[in-house]
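> Below is the file query.txt, with compact mmCIF, C-alpha atoms and all ligand atoms.
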# COMPACT_ATOMS: atom_id res chain seq x y z
CA MET A 11 9.82 -7.91 -18.48
CA ARG A 12 8.06 -4.66 -19.34
CA ILE A 13 6.16 -3.42 -16.28
CA LEU A 14 3.52 -0.70 -16.19
CA ILE A 15 3.04 1.03 -12.82
CA GLY A 16 0.05 3.28 -12.11
CA GLY A 17 1.02 5.88 -9.49
CA GLY A 18 4.63 4.66 -9.75
CA SER A 19 6.07 8.14 -9.10
CA GLY A 20 5.18 7.91 -5.39
CA PHE A 21 6.88 6.53 -2.30
CA VAL A 22 6.32 2.80 -2.95
CA GLY A 23 6.58 3.23 -6.73
CA ARG A 24 10.07 4.77 -6.56
CA GLU A 25 11.35 1.81 -4.50
CA LEU A 26 9.61 -0.68 -6.79
CA THR A 27 10.99 1.01 -9.92
CA ARG A 28 14.52 0.91 -8.47
CA LEU A 29 14.22 -2.79 -7.67
CA LEU A 30 12.72 -3.71 -11.05
CA ARG A 31 15.37 -1.73 -12.99
CA ASP A 32 18.14 -3.33 -10.88
CA LYS A 33 16.77 -6.70 -12.01
CA GLY A 34 16.92 -5.57 -15.64
CA HIS A 35 13.20 -4.95 -16.21
CA GLU A 36 11.76 -2.01 -18.18
CA VAL A 37 9.38 0.30 -16.30
CA THR A 38 6.75 2.69 -17.64
CA LEU A 39 4.74 4.82 -15.21
CA ILE A 40 1.14 5.94 -15.54
CA SER A 41 0.78 9.42 -14.09
CA ARG A 42 -1.45 12.48 -14.06
CA GLN A 43 1.52 14.40 -15.52
CA PRO A 44 3.21 13.59 -18.86
CA GLY A 45 7.00 13.08 -18.89
CA PRO A 46 9.83 10.80 -19.97
CA GLY A 47 9.15 7.14 -19.20
CA LYS A 48 5.50 7.93 -18.50
CA ILE A 49 2.08 7.78 -20.06
CA THR A 50 -0.91 9.66 -18.67
CA TRP A 51 -4.19 8.12 -17.51
CA GLY A 52 -5.85 9.91 -20.46
CA GLU A 53 -3.44 8.22 -22.89
CA LEU A 54 -4.16 4.83 -21.29
CA GLU A 55 -7.86 5.42 -21.86
CA SER A 56 -7.56 6.71 -25.42
CA GLN A 57 -4.71 4.53 -26.74
CA GLY A 58 -5.18 1.37 -24.67
CA LEU A 59 -2.64 -0.68 -22.76
CA PRO A 60 0.96 -0.36 -23.99
CA PRO A 61 2.72 -3.71 -24.49
CA CYS A 62 3.71 -5.10 -21.07
CA GLU A 63 4.12 -8.38 -19.23
CA GLY A 64 3.08 -7.02 -15.84
CA ALA A 65 0.92 -4.19 -14.49
CA VAL A 66 0.61 -2.73 -10.98
CA ASN A 67 -1.58 0.00 -9.51
CA LEU A 68 -0.18 2.16 -6.71
CA ALA A 69 -2.12 5.35 -7.46
CA GLY A 70 -3.99 7.04 -4.66
CA GLU A 71 -4.47 10.43 -3.05
CA ASN A 72 -2.37 10.49 0.16
CA LEU A 73 -4.57 9.39 3.08
CA ILE A 74 -2.59 11.42 5.62
CA ASN A 75 -2.11 14.58 3.64
CA PRO A 76 -1.46 17.17 6.38
CA LEU A 77 -2.37 19.94 3.96
CA ARG A 78 -5.91 18.70 3.36
CA TRP A 79 -8.82 19.08 5.74
CA TRP A 80 -10.97 15.95 6.20
CA ASN A 81 -14.13 16.79 4.25
CA GLU A 82 -16.41 15.36 1.54
CA SER A 83 -14.22 16.56 -1.32
CA TYR A 84 -11.12 14.89 0.19
CA LYS A 85 -13.06 11.64 0.77
CA LYS A 86 -14.27 11.73 -2.84
CA ASP A 87 -10.66 12.12 -4.03
CA LEU A 88 -9.50 9.24 -1.82
CA PHE A 89 -12.06 6.98 -3.50
CA SER A 90 -11.82 8.20 -7.11
CA SER A 91 -7.99 8.28 -7.18
CA ARG A 92 -7.94 4.59 -6.23
CA VAL A 93 -11.13 3.10 -7.65
CA ASP A 94 -11.16 4.98 -10.99
CA THR A 95 -7.45 4.37 -11.74
CA THR A 96 -7.79 0.69 -10.82
CA LYS A 97 -10.86 0.39 -13.05
CA ALA A 98 -9.05 2.17 -15.90
CA LEU A 99 -6.18 -0.32 -15.68
CA SER A 100 -8.31 -3.46 -15.32
CA GLN A 101 -10.49 -2.33 -18.25
CA ALA A 102 -7.41 -1.60 -20.39
CA ILE A 103 -6.03 -5.07 -19.54
CA ALA A 104 -9.37 -6.68 -20.40
CA ALA A 105 -9.52 -4.83 -23.73
CA SER A 106 -5.92 -5.59 -24.71
CA SER A 107 -5.21 -8.05 -27.52
CA SER A 108 -2.16 -9.26 -25.57
CA PRO A 109 -2.85 -8.77 -21.86
CA PRO A 110 0.02 -9.00 -19.33
CA HIS A 111 0.59 -12.27 -17.48
CA SER A 112 0.32 -10.55 -14.06
CA TRP A 113 -1.87 -7.76 -12.66
CA VAL A 114 -1.18 -6.54 -9.13
CA LEU A 115 -3.24 -4.18 -7.00
CA VAL A 116 -1.79 -2.76 -3.78
CA SER A 117 -4.70 -1.96 -1.43
CA GLY A 118 -4.56 -1.94 2.40
CA VAL A 119 -5.32 -3.71 5.68
CA ALA A 120 -8.20 -1.33 6.51
CA CYS A 121 -10.56 -4.11 5.39
CA TYR A 122 -9.85 -5.96 8.67
CA LYS A 123 -11.86 -4.64 11.64
CA PRO A 124 -9.59 -3.07 14.30
CA SER A 125 -9.33 -5.26 17.38
CA LEU A 126 -6.92 -5.77 20.27
CA THR A 127 -7.33 -9.56 20.08
CA ALA A 128 -8.53 -10.82 16.65
CA GLN A 129 -5.83 -12.04 14.26
CA TYR A 130 -6.35 -11.77 10.51
CA THR A 131 -4.80 -13.81 7.71
CA GLU A 132 -5.46 -13.57 3.99
CA ASP A 133 -8.20 -16.19 4.47
CA SER A 134 -10.15 -14.11 7.01
CA GLU A 135 -13.68 -13.24 5.94
CA TRP A 136 -14.56 -9.55 6.15
CA THR A 137 -17.40 -7.22 5.32
CA PRO A 138 -17.15 -3.43 5.18
CA PHE A 139 -17.82 -1.77 8.54
CA ASP A 140 -16.58 1.83 8.05
CA LEU A 141 -15.48 4.31 5.39
CA LEU A 142 -11.98 2.92 4.83
CA SER A 143 -13.14 -0.72 4.67
CA ARG A 144 -15.79 0.36 2.12
CA LEU A 145 -12.98 1.98 0.16
CA VAL A 146 -10.97 -1.28 0.15
CA LYS A 147 -14.07 -3.21 -0.99
CA GLU A 148 -14.70 -0.89 -3.96
CA TRP A 149 -10.99 -0.65 -4.80
CA GLU A 150 -10.43 -4.41 -4.91
CA ALA A 151 -13.71 -4.98 -6.80
CA ALA A 152 -12.52 -2.50 -9.46
CA ALA A 153 -9.45 -4.67 -10.09
CA LEU A 154 -11.38 -7.83 -11.00
CA LEU A 155 -10.84 -9.04 -14.55
CA PRO A 156 -13.52 -10.75 -16.63
CA GLU A 157 -13.34 -14.55 -16.45
CA ASN A 158 -11.96 -15.02 -19.97
CA VAL A 159 -9.02 -12.66 -19.27
CA ALA A 160 -8.41 -14.14 -15.78
CA LYS A 161 -7.66 -17.44 -17.54
CA THR A 162 -4.37 -16.00 -18.77
CA THR A 163 -3.66 -13.05 -16.46
CA LYS A 164 -2.77 -13.80 -12.83
CA GLN A 165 -4.56 -11.40 -10.47
CA VAL A 166 -2.85 -10.49 -7.18
CA ILE A 167 -3.96 -8.21 -4.35
CA ILE A 168 -1.39 -7.10 -1.77
CA ARG A 169 -2.67 -5.52 1.46
CA PRO A 170 0.13 -3.55 3.17
CA GLY A 171 0.15 -2.14 6.67
CA ALA A 172 1.89 1.21 7.30
CA VAL A 173 4.80 1.32 4.86
CA LEU A 174 8.00 2.41 6.61
CA GLY A 175 10.87 4.04 4.73
CA ARG A 176 12.98 7.19 4.85
CA ASP A 177 11.52 8.85 1.74
CA GLY A 178 7.79 8.86 2.32
CA GLY A 179 4.74 7.49 4.08
CA ALA A 180 4.16 7.95 7.79
CA MET A 181 7.89 8.02 8.73
CA LYS A 182 8.48 11.14 6.72
CA GLN A 183 5.99 12.98 8.92
CA MET A 184 7.07 11.32 12.17
CA LEU A 185 10.85 11.64 12.06
CA LEU A 186 11.05 15.36 12.78
CA PRO A 187 8.79 15.38 15.89
CA PHE A 188 10.55 12.26 17.19
CA TRP A 189 13.97 13.87 16.57
CA LEU A 190 12.79 16.88 18.56
CA GLY A 191 11.81 14.61 21.44
CA LEU A 192 8.11 15.33 20.82
CA GLY A 193 7.17 11.76 19.83
CA GLY A 194 4.79 9.67 21.88
CA THR A 195 2.21 6.90 21.72
CA LEU A 196 -0.99 7.59 19.81
CA GLY A 197 -4.27 6.97 21.64
CA SER A 198 -3.90 4.15 24.18
CA GLY A 199 -0.76 2.79 22.49
CA ARG A 200 -2.14 -0.76 22.99
CA GLN A 201 -3.53 -0.91 19.46
CA PRO A 202 -1.75 -3.23 17.00
CA PHE A 203 0.48 -1.47 14.47
CA PRO A 204 0.78 -3.55 11.28
CA TRP A 205 3.79 -2.31 9.28
CA ILE A 206 6.22 -3.29 6.52
CA HIS A 207 9.55 -1.87 5.34
CA VAL A 208 9.18 -0.32 1.88
CA SER A 209 11.91 -2.52 0.37
CA ASP A 210 10.10 -5.68 1.56
CA LEU A 211 6.83 -4.43 0.07
CA ALA A 212 8.62 -3.80 -3.24
CA GLY A 213 10.05 -7.35 -3.02
CA ILE A 214 6.57 -8.84 -2.50
CA ILE A 215 5.25 -6.88 -5.50
CA VAL A 216 8.14 -8.08 -7.71
CA ARG A 217 7.37 -11.70 -6.79
CA ALA A 218 3.69 -11.12 -7.56
CA LEU A 219 4.68 -9.87 -11.02
CA GLU A 220 6.41 -13.14 -11.91
CA PRO A 221 4.63 -15.26 -14.52
CA PRO A 222 1.94 -17.54 -13.03
CA ALA A 223 3.18 -20.94 -11.87
CA ASP A 224 -0.21 -22.59 -12.59
CA THR A 225 -1.63 -22.72 -16.06
CA PRO A 226 -4.30 -21.45 -16.25
CA PRO A 227 -4.03 -19.14 -13.20
CA SER A 228 -6.80 -19.17 -10.59
CA SER A 229 -9.77 -17.09 -11.78
CA SER A 230 -10.01 -15.24 -8.44
CA PRO A 231 -7.25 -12.94 -7.14
CA GLN A 232 -4.57 -14.30 -4.82
CA VAL A 233 -4.35 -12.11 -1.71
CA PHE A 234 -1.12 -11.49 0.21
CA ASN A 235 -0.91 -9.51 3.44
CA GLY A 236 1.98 -7.07 2.97
CA VAL A 237 3.05 -6.78 6.59
CA ALA A 238 6.13 -7.81 8.55
CA PRO A 239 5.67 -11.04 10.54
CA ALA A 240 6.43 -9.26 13.84
CA LEU A 241 3.21 -8.27 15.61
CA ASN A 242 3.81 -4.92 17.28
CA THR A 243 1.68 -2.40 19.11
CA ASN A 244 1.83 1.36 18.67
CA TYR A 245 3.55 1.52 22.09
CA GLU A 246 6.31 -0.87 20.95
CA PHE A 247 6.78 1.06 17.70
CA THR A 248 6.99 4.39 19.57
CA LYS A 249 9.47 3.11 22.15
CA GLU A 250 11.67 1.42 19.52
CA LEU A 251 11.76 4.52 17.31
CA GLY A 252 12.72 6.61 20.35
CA ARG A 253 15.41 4.08 21.31
CA VAL A 254 16.91 3.96 17.79
CA LEU A 255 16.89 7.78 17.62
CA ARG A 256 18.06 8.07 21.25
CA ARG A 257 15.22 10.47 21.99
CA PRO A 258 12.57 10.47 24.76
CA THR A 259 9.01 9.47 23.83
CA ILE A 260 7.08 10.69 26.83
CA LEU A 261 4.43 12.85 25.20
CA PRO A 262 1.40 10.68 24.35
CA VAL A 263 -1.13 12.11 21.90
CA PRO A 264 -4.65 11.34 23.19
CA GLY A 265 -7.16 9.77 20.80
CA PHE A 266 -9.50 12.79 20.93
CA VAL A 267 -6.67 15.07 19.75
CA MET A 268 -5.99 12.72 16.81
CA ASN A 269 -9.72 12.70 15.99
CA ALA A 270 -9.84 16.50 16.07
CA LEU A 271 -6.70 16.84 13.92
CA LEU A 272 -7.42 14.16 11.32
CA GLY A 273 -11.17 13.49 11.53
CA SER A 274 -12.27 10.35 13.38
CA GLU A 275 -12.94 8.36 10.17
CA ARG A 276 -9.28 8.46 9.21
CA ALA A 277 -7.70 8.80 12.68
CA VAL A 278 -8.68 5.11 13.16
CA ILE A 279 -5.69 4.05 11.08
CA LEU A 280 -3.44 5.48 13.83
CA THR A 281 -5.51 5.21 17.01
CA GLN A 282 -6.76 1.67 16.27
CA GLY A 283 -5.19 -1.26 14.48
CA GLN A 284 -5.34 -4.90 13.46
CA LYS A 285 -3.15 -7.93 14.17
CA VAL A 286 -2.40 -8.93 10.57
CA ILE A 287 -0.54 -12.17 9.88
CA PRO A 288 1.25 -12.51 6.49
CA LYS A 289 0.37 -16.23 6.40
CA ARG A 290 0.32 -16.70 2.63
CA THR A 291 3.27 -14.34 2.11
CA LEU A 292 5.38 -16.51 4.45
CA GLU A 293 4.04 -19.75 2.95
CA SER A 294 5.08 -18.49 -0.50
CA GLY A 295 8.69 -18.54 0.77
CA PHE A 296 9.16 -14.76 0.74
CA GLN A 297 12.26 -13.80 2.75
CA TYR A 298 11.95 -10.48 4.57
CA ASN A 299 15.00 -8.20 4.74
CA TYR A 300 13.41 -6.42 7.71
CA PRO A 301 11.24 -8.86 9.67
CA ASP A 302 11.46 -6.94 12.98
CA LEU A 303 11.11 -3.31 14.03
CA THR A 304 14.71 -2.88 15.22
CA SER A 305 16.25 -3.83 11.86
CA ALA A 306 13.66 -1.80 9.90
CA LEU A 307 13.99 1.36 12.00
CA LYS A 308 17.79 1.17 12.14
CA GLU A 309 17.93 1.02 8.33
CA ILE A 310 15.59 4.02 8.08
CA VAL A 311 17.24 6.18 10.70
CA ASN A 312 20.86 5.46 9.82
P1 LIG B 401 1.80 8.09 -2.69
O1 LIG B 401 1.08 8.98 -1.72
O2 LIG B 401 3.25 8.26 -2.82
O3 LIG B 401 1.05 8.26 -4.09
C1 LIG B 401 1.27 7.40 -5.18
C2 LIG B 401 0.94 8.11 -6.47
O4 LIG B 401 -0.47 8.25 -6.62
C3 LIG B 401 1.46 9.52 -6.59
O5 LIG B 401 2.83 9.52 -6.91
C4 LIG B 401 0.59 10.10 -7.69
O6 LIG B 401 1.16 9.85 -8.97
C5 LIG B 401 -0.71 9.28 -7.56
N1 LIG B 401 -1.79 10.14 -7.04
C6 LIG B 401 -1.78 10.92 -5.93
N2 LIG B 401 -2.94 11.58 -5.80
C7 LIG B 401 -3.70 11.21 -6.86
C8 LIG B 401 -5.00 11.57 -7.30
N3 LIG B 401 -5.75 12.44 -6.61
N4 LIG B 401 -5.46 10.99 -8.44
C9 LIG B 401 -4.71 10.10 -9.14
N5 LIG B 401 -3.46 9.75 -8.79
C10 LIG B 401 -2.97 10.28 -7.66
O7 LIG B 401 1.43 6.56 -2.31
P2 LIG B 401 2.37 5.41 -1.73
O8 LIG B 401 3.43 5.14 -2.72
O9 LIG B 401 2.70 5.72 -0.32
O10 LIG B 401 1.33 4.18 -1.69
C11 LIG B 401 1.02 3.44 -2.86
C12 LIG B 401 -0.33 2.77 -2.67
O11 LIG B 401 -0.27 1.93 -1.52
C13 LIG B 401 -1.47 3.77 -2.43
O12 LIG B 401 -2.61 3.36 -3.13
C14 LIG B 401 -1.72 3.67 -0.94
O13 LIG B 401 -3.08 3.90 -0.59
C15 LIG B 401 -1.34 2.21 -0.65
N6 LIG B 401 -0.89 2.07 0.73
C16 LIG B 401 0.15 2.86 1.18
C17 LIG B 401 0.54 2.77 2.49
C18 LIG B 401 1.65 3.64 3.02
O14 LIG B 401 1.92 3.58 4.24
N7 LIG B 401 2.33 4.42 2.18
C19 LIG B 401 -0.13 1.85 3.44
C20 LIG B 401 -1.14 1.03 2.84
C21 LIG B 401 -1.53 1.16 1.54
P3 LIG B 401 1.22 11.02 -10.12
O15 LIG B 401 1.48 12.31 -9.40
O16 LIG B 401 2.38 10.59 -10.97
O17 LIG B 401 -0.09 10.98 -10.80
Starting from the file, give its structure as structure tokens.
Ligand code: NDP


Amino acid sequence: MRILIGGGSGFVGRELTRLLRDKGHEVTLISRQPGPGKITWGELESQGLPPCEGAVNLAGENLINPLRWWNESYKKDLFSSRVDTTKALSQAIAASSSPPHSWVLVSGVACYKPSLTAQYTEDSEWTPFDLLSRLVKEWEAAALLPENVAKTTKQVIIRPGAVLGRDGGAMKQMLLPFWLGLGGTLGSGRQPFPWIHVSDLAGIIVRALEPPADTPPSSSPQVFNGVAPALNTNYEFTKELGRVLRRPTILPVPGFVMNALLGSERAVILTQGQKVIPKRTLESGFQYNYPDLTSALKEIVN
């Protein structure tokens, strides 16, 4: 298959590209920068969708960019980098004379309201309640294809928790302080910590790119929670990372410090969390390589 990946140069995109190429598929990236094996967003807009059987969007300004202060311009970039790129791809698919058979958006679990007790599956109803859930609403709405195109193109939305891997995401920023013995729980530590190993997320995306089993495909998107089936708290994650690294984790970071450092609207992704169940992902028969924290963290650290 020929697969087009918006934002494919990033952390998840590199893993996905590796997996797709290993399986013999051809990958073209959509990027802000031109280069070999890439087209730019401007070229997508002016020349239309290149021939492809599957398309994915992974583009988005980094939510935990330590170099950017939490202000209106950053928030605007968080929205536009996701919503505008997703809209550009869904519009290009809709305008194509031969649209791909699968269109996959990777969004996030921030749509589910943080809670110590509620459990969320893909069937859970939700309405936006804060900035990040509003972002997910707009982002997923931008992916919707017109009804006539949805008759032939399968639409899939994958909502990952924190993506864990050596080469990017939260781990990249956490490994050094934990190595130095400066790691600790965030906030109360009781908050759920939904997570997935990057190679499992890439595996879920590859399955979503397969041609639709039903003809015609459902006109509304199929949603899959992209999280590991283990339900862990931030405390369990912190202690397990310390254990795997053989380092102490005795320095908790209070919630107010996180709010001051990151801004309270985005600190919620670390100081609060949701119990997310990958019900449909499991029902689809997906086999996780890293279903539990110990196996995932050992792979990352070793
Ligand atoms: P990255 O931070 O690695 O970014 C992905 C790509 O997005 C970059 O390589 C870049 O591509 C493009 N990009 C960055 N900033 C902008 C911008 N301002 N405008 C347009 N494009 C931009 O993301 P990940 O691979 O970690 O994540 C992929 C997707 O999954 C993202 O949408 C993210 O929100 C979502 N997600 C990630 C999680 C995680 O823990 N990593 C958790 C939950 C959801 P280029 O430079 O080539 O243009």

> Can I get the residues close to ligand LIG 401 (chain B) as a PDB file with C-alpha atoms, keeping the file's coordinate frame, where close means within 8 Å and we count only C-alpha atoms and all ligand atoms?


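Produced file pocket_2.pdb, reproduced below:
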ATOM      1  CA  GLY A  16       0.050   3.280 -12.110  1.00  0.00           C
ATOM      2  CA  GLY A  17       1.020   5.880  -9.490  1.00  0.00           C
ATOM      3  CA  GLY A  18       4.630   4.660  -9.750  1.00  0.00           C
ATOM      4  CA  SER A  19       6.070   8.140  -9.100  1.00  0.00           C
ATOM      5  CA  GLY A  20       5.180   7.910  -5.390  1.00  0.00           C
ATOM      6  CA  PHE A  21       6.880   6.530  -2.300  1.00  0.00           C
ATOM      7  CA  VAL A  22       6.320   2.800  -2.950  1.00  0.00           C
ATOM      8  CA  GLY A  23       6.580   3.230  -6.730  1.00  0.00           C
ATOM      9  CA  ARG A  24      10.070   4.770  -6.560  1.00  0.00           C
ATOM     10  CA  LEU A  39       4.740   4.820 -15.210  1.00  0.00           C
ATOM     11  CA  ILE A  40       1.140   5.940 -15.540  1.00  0.00           C
ATOM     12  CA  SER A  41       0.780   9.420 -14.090  1.00  0.00           C
ATOM     13  CA  ARG A  42      -1.450  12.480 -14.060  1.00  0.00           C
ATOM     14  CA  GLN A  43       1.520  14.400 -15.520  1.00  0.00           C
ATOM     15  CA  ASN A  67      -1.580   0.000  -9.510  1.00  0.00           C
ATOM     16  CA  LEU A  68      -0.180   2.160  -6.710  1.00  0.00           C
ATOM     17  CA  ALA A  69      -2.120   5.350  -7.460  1.00  0.00           C
ATOM     18  CA  GLY A  70      -3.990   7.040  -4.660  1.00  0.00           C
ATOM     19  CA  GLU A  71      -4.470  10.430  -3.050  1.00  0.00           C
ATOM     20  CA  ASN A  72      -2.370  10.490   0.160  1.00  0.00           C
ATOM     21  CA  LEU A  73      -4.570   9.390   3.080  1.00  0.00           C
ATOM     22  CA  ASP A  87     -10.660  12.120  -4.030  1.00  0.00           C
ATOM     23  CA  LEU A  88      -9.500   9.240  -1.820  1.00  0.00           C
ATOM     24  CA  SER A  90     -11.820   8.200  -7.110  1.00  0.00           C
ATOM     25  CA  SER A  91      -7.990   8.280  -7.180  1.00  0.00           C
ATOM     26  CA  ARG A  92      -7.940   4.590  -6.230  1.00  0.00           C
ATOM     27  CA  THR A  95      -7.450   4.370 -11.740  1.00  0.00           C
ATOM     28  CA  VAL A 116      -1.790  -2.760  -3.780  1.00  0.00           C
ATOM     29  CA  SER A 117      -4.700  -1.960  -1.430  1.00  0.00           C
ATOM     30  CA  GLY A 118      -4.560  -1.940   2.400  1.00  0.00           C
ATOM     31  CA  VAL A 119      -5.320  -3.710   5.680  1.00  0.00           C
ATOM     32  CA  ARG A 169      -2.670  -5.520   1.460  1.00  0.00           C
ATOM     33  CA  PRO A 170       0.130  -3.550   3.170  1.00  0.00           C
ATOM     34  CA  GLY A 171       0.150  -2.140   6.670  1.00  0.00           C
ATOM     35  CA  ALA A 172       1.890   1.210   7.300  1.00  0.00           C
ATOM     36  CA  VAL A 173       4.800   1.320   4.860  1.00  0.00           C
ATOM     37  CA  LEU A 174       8.000   2.410   6.610  1.00  0.00           C
ATOM     38  CA  GLY A 178       7.790   8.860   2.320  1.00  0.00           C
ATOM     39  CA  GLY A 179       4.740   7.490   4.080  1.00  0.00           C
ATOM     40  CA  ALA A 180       4.160   7.950   7.790  1.00  0.00           C
ATOM     41  CA  TRP A 205       3.790  -2.310   9.280  1.00  0.00           C
TER      42      TRP A 205
END

> Between A:Pro110, A:Pro76, A:Glu82, A:Arg31, which residue has the minimum interatomic distance to Leu219 (chain A), considering all atoms listed in the file?

A:Pro110

> Expressed in Å to a single decimal, how great is the separation between CA of Glu132 (chain A) and CA of Val278 (chain A)?

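We find that CA of Glu132 (chain A) and CA of Val278 (chain A) lie 21.1 Å from each other.
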
> Report, in Å to a single decimal, how far apart CA of Gly175 (chain A) and CA of Ile206 (chain A) are.

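These two atoms are separated by 8.9 Å.
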
> Output, as JSON, the centre and edge lengths in Å (one decimal) of the axis-aligned box that contains all listed atoms of region 114-123 of chain A with 4 Å of margin on each side.


{"center_x": -6.5, "center_y": -3.9, "center_z": 1.3, "size_x": 18.7, "size_y": 13.2, "size_z": 28.8}

> Find, counting only C-alpha atoms, the residue in A:Asp94, A:Glu55, A:Thr162, A:Leu142 that gets nearest to Ser108 (chain A).

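Answer, going by the shortest atom-to-atom distance: A:Thr162.
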
> Near Lys285 (chain A), within 8 Å and counting all atoms listed in the file, which residues show up once chain neighbours fewer than 3 positions away are dropped, as a PDB file with C-alpha atoms, in the coordinates of the input?


ATOM      1  CA  SER A 125      -9.330  -5.260  17.380  1.00  0.00           C
ATOM      2  CA  LEU A 126      -6.920  -5.770  20.270  1.00  0.00           C
ATOM      3  CA  THR A 127      -7.330  -9.560  20.080  1.00  0.00           C
ATOM      4  CA  ALA A 128      -8.530 -10.820  16.650  1.00  0.00           C
ATOM      5  CA  GLN A 129      -5.830 -12.040  14.260  1.00  0.00           C
ATOM      6  CA  TYR A 130      -6.350 -11.770  10.510  1.00  0.00           C
ATOM      7  CA  PRO A 202      -1.750  -3.230  17.000  1.00  0.00           C
ATOM      8  CA  PHE A 203       0.480  -1.470  14.470  1.00  0.00           C
ATOM      9  CA  PRO A 204       0.780  -3.550  11.280  1.00  0.00           C
ATOM     10  CA  LEU A 241       3.210  -8.270  15.610  1.00  0.00           C
TER      11      LEU A 241
END
